[in-house]
Each structure stands twice: as structure tokens, then as C-alpha cells.
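Q: Below is run-v3.txt; it holds compact mmCIF, C-alpha atoms and all ligand atoms.
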# COMPACT_ATOMS: atom_id res chain seq x y z
CA MET Q 1 -4.48 18.42 -40.83
CA LEU Q 2 -6.49 20.94 -42.86
CA SER Q 3 -6.43 18.75 -45.95
CA VAL Q 4 -7.79 15.79 -43.93
CA LEU Q 5 -10.69 17.93 -42.72
CA VAL Q 6 -11.34 19.13 -46.28
CA TRP Q 7 -11.45 15.52 -47.51
CA ILE Q 8 -13.81 14.49 -44.69
CA GLY Q 9 -16.00 17.46 -45.61
CA ILE Q 10 -16.05 16.46 -49.28
CA VAL Q 11 -16.94 12.84 -48.44
CA LEU Q 12 -19.75 13.92 -46.07
CA LEU Q 13 -21.10 16.33 -48.68
CA GLY Q 14 -20.99 13.55 -51.29
CA ILE Q 15 -22.90 11.18 -48.98
CA ALA Q 16 -25.49 13.88 -48.25
CA ILE Q 17 -26.01 14.65 -51.96
CA TRP Q 18 -26.27 10.96 -52.84
CA SER Q 19 -28.57 9.94 -49.99
CA ILE Q 20 -30.95 12.92 -50.17
CA LEU Q 21 -30.90 14.19 -53.76
CA ILE Q 22 -30.11 11.10 -55.84
CA GLU Q 23 -30.99 7.69 -54.40
CA PRO Q 24 -34.48 8.57 -53.00
CA HIS Q 25 -35.49 9.52 -56.57
CA TRP Q 26 -33.76 6.59 -58.34
CA TYR Q 27 -36.80 4.34 -58.60
CA ARG Q 28 -36.33 0.63 -59.18
CA PHE Q 29 -38.82 -1.62 -60.96
CA ARG Q 30 -38.44 -5.35 -60.32
CA ARG Q 31 -40.18 -8.50 -61.53
CA MET Q 32 -40.39 -11.48 -59.18
CA LYS Q 33 -41.89 -14.96 -59.45
CA LEU Q 34 -43.68 -16.58 -56.52
CA ARG Q 35 -44.96 -20.13 -56.13
CA ILE Q 36 -47.85 -20.88 -53.81
CA PRO Q 37 -48.38 -24.63 -54.27
CA GLY Q 38 -51.88 -25.97 -54.77
CA LYS Q 39 -53.81 -22.68 -54.84
CA LEU Q 40 -53.73 -21.44 -58.45
CA LYS Q 41 -54.56 -22.99 -61.82
CA THR Q 42 -53.00 -20.17 -63.82
CA ALA Q 43 -50.57 -17.36 -63.00
CA VAL Q 44 -51.80 -14.11 -61.47
CA THR Q 45 -49.86 -10.85 -61.87
CA ILE Q 46 -49.74 -8.42 -58.94
CA LEU Q 47 -48.11 -4.99 -58.78
CA HIS Q 48 -47.18 -4.11 -55.20
CA LEU Q 49 -46.75 -0.45 -54.25
CA SER Q 50 -46.19 0.91 -50.77
CA ASP Q 51 -45.18 3.99 -48.81
CA MET Q 52 -45.46 6.45 -51.68
CA HIS Q 53 -45.71 9.40 -49.23
CA PHE Q 54 -47.26 11.68 -51.85
CA THR Q 55 -46.93 15.41 -51.19
CA LYS Q 56 -48.26 18.32 -53.24
CA ARG Q 57 -45.33 18.04 -55.67
CA VAL Q 58 -44.96 14.71 -57.46
CA GLY Q 59 -41.37 15.36 -58.64
CA LEU Q 60 -39.55 12.53 -60.43
CA LYS Q 61 -42.13 9.98 -59.28
CA LYS Q 62 -44.16 11.25 -62.23
CA LEU Q 63 -41.88 9.56 -64.78
CA PHE Q 64 -41.90 6.29 -62.81
CA PHE Q 65 -45.70 6.33 -62.55
CA GLN Q 66 -45.99 6.90 -66.29
CA LYS Q 67 -44.13 3.57 -66.75
CA LEU Q 68 -46.21 1.78 -64.09
CA ALA Q 69 -49.37 2.96 -65.86
CA MET Q 70 -48.43 0.82 -68.89
CA LEU Q 71 -48.16 -2.48 -66.95
CA ASN Q 72 -51.85 -3.43 -66.64
CA PRO Q 73 -51.41 -6.34 -64.16
CA ASP Q 74 -54.31 -8.40 -62.83
CA LEU Q 75 -54.18 -6.72 -59.41
CA ILE Q 76 -52.52 -3.75 -57.76
CA PHE Q 77 -51.94 -3.75 -53.99
CA ILE Q 78 -51.09 -0.54 -52.12
CA THR Q 79 -49.99 -1.14 -48.54
CA GLY Q 80 -50.23 2.20 -46.77
CA ASP Q 81 -48.56 5.59 -46.33
CA THR Q 82 -49.85 6.57 -49.75
CA ILE Q 83 -49.86 10.21 -48.64
CA GLU Q 84 -47.42 12.10 -46.45
CA SER Q 85 -50.21 14.41 -45.27
CA ASP Q 86 -53.50 15.92 -46.52
CA ALA Q 87 -51.52 18.10 -48.96
CA GLY Q 88 -50.74 14.94 -50.96
CA ILE Q 89 -54.32 13.71 -51.44
CA GLU Q 90 -54.95 15.31 -54.86
CA THR Q 91 -51.52 14.26 -56.19
CA ALA Q 92 -51.99 10.68 -54.95
CA VAL Q 93 -55.44 10.40 -56.49
CA ARG Q 94 -54.23 11.83 -59.78
CA TRP Q 95 -51.38 9.33 -60.20
CA ILE Q 96 -53.17 6.30 -58.77
CA SER Q 97 -56.13 6.95 -61.09
CA GLY Q 98 -53.74 6.60 -64.04
CA LEU Q 99 -52.89 2.99 -63.06
CA ARG Q 100 -54.78 0.10 -64.58
CA ALA Q 101 -55.40 -3.39 -63.18
CA ARG Q 102 -57.73 -5.93 -64.78
CA TYR Q 103 -59.30 -7.06 -61.47
CA GLY Q 104 -58.86 -3.97 -59.33
CA ILE Q 105 -56.66 -1.79 -57.15
CA PHE Q 106 -56.77 -2.56 -53.41
CA LEU Q 107 -55.46 -0.22 -50.72
CA VAL Q 108 -54.95 -0.42 -46.96
CA PRO Q 109 -54.09 2.57 -44.77
CA GLY Q 110 -50.81 3.28 -43.03
CA ASN Q 111 -50.09 5.60 -40.13
CA HIS Q 112 -49.60 8.59 -42.47
CA GLU Q 113 -53.17 8.35 -43.71
CA TYR Q 114 -54.22 9.25 -40.16
CA TYR Q 115 -51.43 11.51 -38.90
CA ASP Q 116 -49.31 14.35 -40.22
CA TYR Q 117 -45.92 13.87 -38.54
CA ARG Q 118 -44.20 17.23 -38.15
CA LEU Q 119 -40.66 17.64 -36.83
CA MET Q 120 -41.44 17.20 -33.10
CA ASP Q 121 -43.83 14.33 -33.89
CA HIS Q 122 -41.01 12.61 -35.80
CA ILE Q 123 -38.62 13.04 -32.90
CA ARG Q 124 -41.21 11.64 -30.46
CA TYR Q 125 -41.93 8.77 -32.90
CA HIS Q 126 -38.28 7.74 -33.32
CA MET Q 127 -37.52 8.11 -29.62
CA GLY Q 128 -40.36 5.67 -28.93
CA VAL Q 129 -42.42 8.27 -27.01
CA SER Q 130 -45.53 8.13 -29.23
CA LYS Q 131 -46.46 6.49 -32.52
CA ILE Q 132 -49.20 9.04 -33.16
CA SER Q 133 -49.00 12.75 -33.89
CA VAL Q 134 -51.05 15.61 -32.47
CA HIS Q 135 -51.72 16.68 -36.08
CA ARG Q 136 -54.46 14.56 -37.64
CA ASN Q 137 -54.98 14.07 -41.37
CA ASP Q 138 -58.41 14.00 -42.96
CA SER Q 139 -58.24 10.24 -43.59
CA LYS Q 140 -61.94 10.10 -44.49
CA ARG Q 141 -61.36 12.60 -47.32
CA PHE Q 142 -58.45 10.50 -48.61
CA PHE Q 143 -60.43 7.23 -48.53
CA GLU Q 144 -63.43 8.84 -50.27
CA ALA Q 145 -61.16 10.40 -52.92
CA VAL Q 146 -59.44 7.12 -53.85
CA LYS Q 147 -62.75 5.24 -53.81
CA ARG Q 148 -64.11 7.74 -56.34
CA VAL Q 149 -61.39 6.69 -58.82
CA GLY Q 150 -62.22 3.00 -58.37
CA VAL Q 151 -59.75 1.94 -55.64
CA LYS Q 152 -61.13 -0.58 -53.15
CA VAL Q 153 -60.15 0.43 -49.61
CA LEU Q 154 -59.91 -2.55 -47.28
CA ILE Q 155 -60.13 -1.57 -43.59
CA ASP Q 156 -60.52 -4.72 -41.51
CA GLU Q 157 -62.43 -6.42 -44.28
CA SER Q 158 -62.07 -8.97 -47.06
CA ILE Q 159 -63.18 -9.44 -50.62
CA GLU Q 160 -63.64 -12.60 -52.69
CA LEU Q 161 -62.42 -12.49 -56.25
CA SER Q 162 -62.18 -14.82 -59.22
CA VAL Q 163 -59.05 -13.99 -61.24
CA HIS Q 164 -58.66 -16.06 -64.44
CA GLY Q 165 -60.80 -18.73 -62.73
CA ASN Q 166 -58.62 -18.74 -59.59
CA ALA Q 167 -60.41 -18.19 -56.27
CA LEU Q 168 -58.75 -15.40 -54.27
CA PHE Q 169 -59.65 -13.98 -50.86
CA ILE Q 170 -58.01 -10.61 -50.22
CA SER Q 171 -58.04 -9.27 -46.65
CA GLY Q 172 -56.84 -5.86 -45.56
CA THR Q 173 -56.26 -4.45 -42.10
CA ASP Q 174 -56.49 -0.96 -40.75
CA ASP Q 175 -53.09 0.50 -39.84
CA PRO Q 176 -51.87 -1.83 -37.07
CA LEU Q 177 -49.46 0.77 -35.69
CA THR Q 178 -51.92 3.52 -34.76
CA GLN Q 179 -55.40 1.94 -35.00
CA LYS Q 180 -57.04 -1.01 -33.27
CA VAL Q 181 -57.31 -3.81 -35.82
CA ASP Q 182 -60.41 -6.00 -35.69
CA PHE Q 183 -58.88 -9.29 -36.91
CA LYS Q 184 -62.16 -11.20 -36.51
CA ARG Q 185 -63.85 -8.82 -38.94
CA THR Q 186 -60.79 -8.76 -41.24
CA PHE Q 187 -60.83 -12.52 -41.82
CA LYS Q 188 -64.60 -13.12 -41.72
CA GLY Q 189 -65.35 -15.85 -44.29
CA ILE Q 190 -61.77 -17.09 -44.77
CA THR Q 191 -61.50 -20.72 -45.86
CA PRO Q 192 -58.36 -22.77 -46.55
CA GLU Q 193 -59.01 -23.75 -50.19
CA ARG Q 194 -58.67 -20.27 -51.78
CA LEU Q 195 -55.47 -18.23 -52.20
CA ASN Q 196 -55.70 -16.09 -49.07
CA ILE Q 197 -53.83 -12.80 -49.30
CA LEU Q 198 -53.33 -10.31 -46.48
CA LEU Q 199 -52.52 -6.63 -47.03
CA THR Q 200 -51.26 -4.79 -43.96
CA HIS Q 201 -49.09 -1.73 -43.48
CA HIS Q 202 -47.11 -2.94 -40.47
CA LEU Q 203 -45.89 -6.53 -40.47
CA ASP Q 204 -45.71 -7.02 -36.69
CA CYS Q 205 -49.45 -7.80 -36.69
CA ILE Q 206 -48.83 -11.21 -38.32
CA THR Q 207 -47.90 -12.55 -34.87
CA GLN Q 208 -51.53 -11.99 -33.75
CA LEU Q 209 -53.51 -13.47 -36.65
CA PRO Q 210 -56.50 -15.56 -35.53
CA THR Q 211 -56.21 -17.85 -38.57
CA LYS Q 212 -53.59 -20.20 -40.02
CA ASP Q 213 -55.10 -19.96 -43.50
CA VAL Q 214 -53.23 -16.90 -44.81
CA ASP Q 215 -50.91 -17.87 -47.70
CA LEU Q 216 -49.41 -14.59 -48.84
CA VAL Q 217 -48.77 -11.26 -47.07
CA PHE Q 218 -47.87 -7.88 -48.63
CA SER Q 219 -46.62 -5.18 -46.30
CA GLY Q 220 -44.62 -1.95 -46.05
CA HIS Q 221 -43.78 0.69 -43.43
CA THR Q 222 -40.10 -0.20 -42.99
CA HIS Q 223 -38.90 1.41 -46.26
CA GLY Q 224 -36.36 -1.45 -46.24
CA GLY Q 225 -34.49 0.25 -43.43
CA GLN Q 226 -33.61 3.16 -45.81
CA ILE Q 227 -29.90 3.06 -44.91
CA ARG Q 228 -28.26 -0.32 -45.45
CA LEU Q 229 -24.61 -0.72 -44.56
CA PRO Q 230 -22.28 -3.53 -45.61
CA VAL Q 231 -22.19 -6.40 -43.05
CA ILE Q 232 -24.60 -4.54 -40.70
CA GLY Q 233 -27.53 -4.44 -43.15
CA PRO Q 234 -30.49 -2.13 -42.49
CA VAL Q 235 -29.74 0.49 -39.83
CA PHE Q 236 -33.41 1.05 -38.92
CA SER Q 237 -36.08 -1.62 -38.66
CA GLY Q 238 -39.30 -0.22 -37.20
CA LEU Q 239 -40.43 -3.80 -36.47
CA LYS Q 240 -40.45 -5.98 -33.39
CA LEU Q 241 -40.01 -8.97 -35.71
CA PRO Q 242 -36.40 -9.98 -36.49
CA ARG Q 243 -34.48 -7.65 -38.83
CA CYS Q 244 -34.65 -10.14 -41.72
CA TYR Q 245 -38.30 -9.02 -42.14
CA VAL Q 246 -37.31 -5.42 -42.90
CA ASP Q 247 -37.60 -6.02 -46.64
CA GLY Q 248 -38.02 -8.57 -49.38
CA LEU Q 249 -39.30 -12.12 -49.41
CA ASN Q 250 -39.56 -14.20 -46.26
CA GLN Q 251 -41.52 -16.97 -44.64
CA TYR Q 252 -43.38 -16.84 -41.33
CA GLU Q 253 -45.32 -19.84 -39.96
CA GLY Q 254 -46.25 -21.11 -43.42
CA MET Q 255 -47.00 -17.68 -44.90
CA THR Q 256 -45.01 -16.17 -47.76
CA ILE Q 257 -44.29 -12.54 -46.96
CA PHE Q 258 -43.12 -9.62 -49.03
CA VAL Q 259 -42.16 -6.29 -47.44
CA SER Q 260 -41.61 -3.42 -49.88
CA ARG Q 261 -38.85 -0.84 -49.65
CA GLY Q 262 -41.55 1.65 -50.63
CA LEU Q 263 -41.52 4.52 -53.10
CA GLY Q 264 -41.06 7.44 -50.73
CA ALA Q 265 -40.31 8.47 -47.17
CA GLY Q 266 -41.41 10.93 -44.53
CA LYS Q 267 -40.29 14.53 -45.12
CA TYR Q 268 -37.89 14.43 -42.14
CA CYS Q 269 -36.47 10.96 -42.97
CA LEU Q 270 -35.50 11.27 -46.62
CA PRO Q 271 -32.01 9.69 -46.86
CA ARG Q 272 -31.60 6.36 -48.60
CA ILE Q 273 -28.31 4.50 -48.98
CA ALA Q 274 -28.16 1.15 -50.79
CA CYS Q 275 -31.96 0.95 -50.50
CA ARG Q 276 -33.53 2.33 -53.67
CA PRO Q 277 -37.27 3.00 -53.69
CA GLU Q 278 -39.06 0.20 -55.52
CA ALA Q 279 -42.16 -1.21 -57.13
CA VAL Q 280 -42.41 -4.96 -57.71
CA LEU Q 281 -44.47 -6.84 -60.26
CA PHE Q 282 -45.14 -10.39 -59.08
CA GLU Q 283 -46.12 -13.35 -61.17
CA VAL Q 284 -47.75 -15.73 -58.70
CA GLU Q 285 -47.98 -19.34 -59.83
CA GLY Q 286 -49.58 -22.43 -58.39
FE FE U 1 -43.91 4.98 -44.78
Show me, as C-alpha cells, the structure contained in the file I just sent.
Ligand SMILES: [Fe+2]
A:
Amino acid sequence: MLSVLVWIGIVLLGIAIWSILIEPHWYRFRRMKLRIPGKLKTAVTILHLSDMHFTKRVGLKKLFFQKLAMLNPDLIFITGDTIESDAGIETAVRWISGLRARYGIFLVPGNHEYYDYRLMDHIRYHMGVSKISVHRNDSKRFFEAVKRVGVKVLIDESIELSVHGNALFISGTDDPLTQKVDFKRTFKGITPERLNILLTHHLDCITQLPTKDVDLVFSGHTHGGQIRLPVIGPVFSGLKLPRCYVDGLNQYEGMTIFVSRGLGAGKYCLPRIACRPEAVLFEVEG
């Protein structure tokens, strides 16, 4: 009996070490090709980053960011939860400012830009009591700091861009989970002939879009479910949409959607199993 308990203890310890100390820091870089018919003359490269949850200490993310800094894609999209709390602002700005993109870095906020979720806030959040925390972050300071290093912050607004002669329209929402999104303002000026891209932290908002013209959506928040078991798949979803939208490529009413597994996690939700943190470089073709 004792030896069985010892073995169970060893296995549990192994799972804890793997899921907390190893996998959350085993960053994965992927390249993916996407085809959006009829919208592009030449390919556009996009690096998608999400849910970096920067704290004061950058840790092993530093080595991964040094590699990302050499990519120089056309565009970089950052879809929220860039910081864990105010303590991560300087670290986030330092590492984001080292990234290069020929046509710009675009960022939308997530819930962590607005709220610092401490232990009780996390418990309330995951029990479905409240999606907000009583501890507010200085979101204005974060937005100003990233703007100073050239990042374009899109909060319920859009921007027109010409990338290698391709007409792009990039829209970004405020955090749909904790803020009231003004969709009318977000999509002001959208027309069907350009490649229309939406950046939003929380994918559930795609069920409320006032336009059918969005082609491509980049999102985050779910962290891919963080713990993915054989047969069952992701244990946690965080979405009202079906669980297939927890990560990766999908389609929804004519839109191509990509949800990132993110590059970090909240300080009280660190474990990852079969769900490595990731950054994806897309080559989008017409
Ligand atoms: Fe997150």
C-alpha cells in the first residue's frame, strides 16, 4: 500500500514540475499559411502575439523575444493581456520595443490591461461571480508607454493601410470581457473590397458584429485551454462559443479565425499541459 502511495506521489510531483516549471516556459514558434481568396495581390506576413502577461521579471521569455526580434514581418498583432499587472509595464515596453515590423505593430487591450487579478479576484472570476477585479491597473499609463515606442493601440477604432500595394483595413476592439465595445465606432469606414482584419481579445464578441465584411480575426484570452487532455481536449474554455474555438484556425460565418494559445498566463493559473505557449508567423495569400 505504501509503495502505491509513493508512486502516486512521484507521478503527481512529476506532473506539477512539468506543468508549472517546464511547459509554460517551453515557447513554440510556428509558421502558418492562410489563403483569403480575392483580397490580396501579394503575400503579407503577420506575427501574432497574445496573452504575454508580462510581470517585472521577464524570465525565459527573454530568449524567445530575442528570436522574434529577428523576424521583421510586415505586421505584428498583439491581442491583449500584454501585462499581468502594472508591475509588468516597463518589461513589456522594453521587449515589445525590440520587435520590428515593416508596416507597424498593432495592439488591442485585454482584461489584464484594466484589472490586476489577485487570488480572491481569480477565485471570483473562475466561479463566474465577477469578470472584473477590485484592483485596477493604470491602463492609461500602459497605453501611453507602448504608444511612445511606436505601437498603434486600437480601442474601438480602425486604420487603413497599404501593405505591398494591398489594401488592408485593421479594426481593433476594446476588451469585450470587461469593457463596453462600441462596434459602430470600431468598424466605421469598413468596405467589402479590402482585406478586413479584426483584432479582439475575447472571441465571443464575433457573434455581435454589425458587419459581414470581416475576413480575418485574430484573438486570444483562452490560452488554448492551458490543460489539454487526450480525447477530452481543452479542460477550460473561457468562451461561450463552442470549444473548437479555444485555439487555432477556425471558420465562423465566412470569417477565418485564429485564436492564440498565448505566451503567458495569470500568476494563479500557470499550469500548462500539452498546450505550449506560442507565437505564430502567418503568410497570408490571396
Ligand atoms: Fe490572458
Q: What is the distance between CA of Cys275 (chain Q) and CA of Asn137 (chain Q), in Å to one decimal?
A: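 So the answer is 28.0 Å.
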Q: Would you work out the distance separating CA of Arg136 (chain Q) from CA of Asp116 (chain Q), expressed in Å to one decimal?
A: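 CA of Asp116 (chain Q) lies at a distance of 5.8 Å from CA of Arg136 (chain Q).
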Q: For each of Q:Leu241, Q:Val108, Q:Ile83, Q:Ile78, take the minimum atom-to-atom distance to Thr55 (chain Q), counting all atoms listed in the file, then give the residue where this is smallest.
A: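 Result for the nearest residue to Thr55 (chain Q): Q:Ile83.
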Q: At a cut-off of 6 Å and counting only C-alpha atoms and all ligand atoms, what residues surround ligand FE 1 (chain U)? Please answer as a list in words.
A: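 So, counting only C-alpha atoms and all ligand atoms, the residues near ligand FE 1 (chain U) are Asp51, Asp81, His221 and Ala265 of chain Q.
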Q: Would you list the contacts of Ala101 (chain Q) as a list of chain:residue names, taking every protein, DNA or RNA residue within 10 Å and counting all atoms listed in the file, but skipping same-chain residues closer than 5 positions in sequence?
A: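 So, after excluding close chain neighbours, the residues are Q:Thr45, Q:Ile46, Q:Leu47, Q:Ala69, Q:Met70, Q:Leu71, Q:Asn72, Q:Pro73, Q:Asp74, Q:Leu75, Q:Ile76, Q:Phe77, Q:Phe106.
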Q: Could you list, as a tab-separated table (two decimals) with C-alpha atoms, keeping the file's coordinate frame, every residue within 8 Å of Ser133 (chain Q), counting only C-alpha atoms and ignoring same-chain residues fewer than 2 positions away?
A:
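Output contents, as saved in out29.tsv:
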chain	number	residue	atom	x	y	z
Q	115	TYR	CA	-51.43	11.51	-38.90
Q	116	ASP	CA	-49.31	14.35	-40.22
Q	117	TYR	CA	-45.92	13.87	-38.54
Q	118	ARG	CA	-44.20	17.23	-38.15
Q	121	ASP	CA	-43.83	14.33	-33.89
Q	130	SER	CA	-45.53	8.13	-29.23
Q	131	LYS	CA	-46.46	6.49	-32.52
Q	135	HIS	CA	-51.72	16.68	-36.08
Q	136	ARG	CA	-54.46	14.56	-37.64
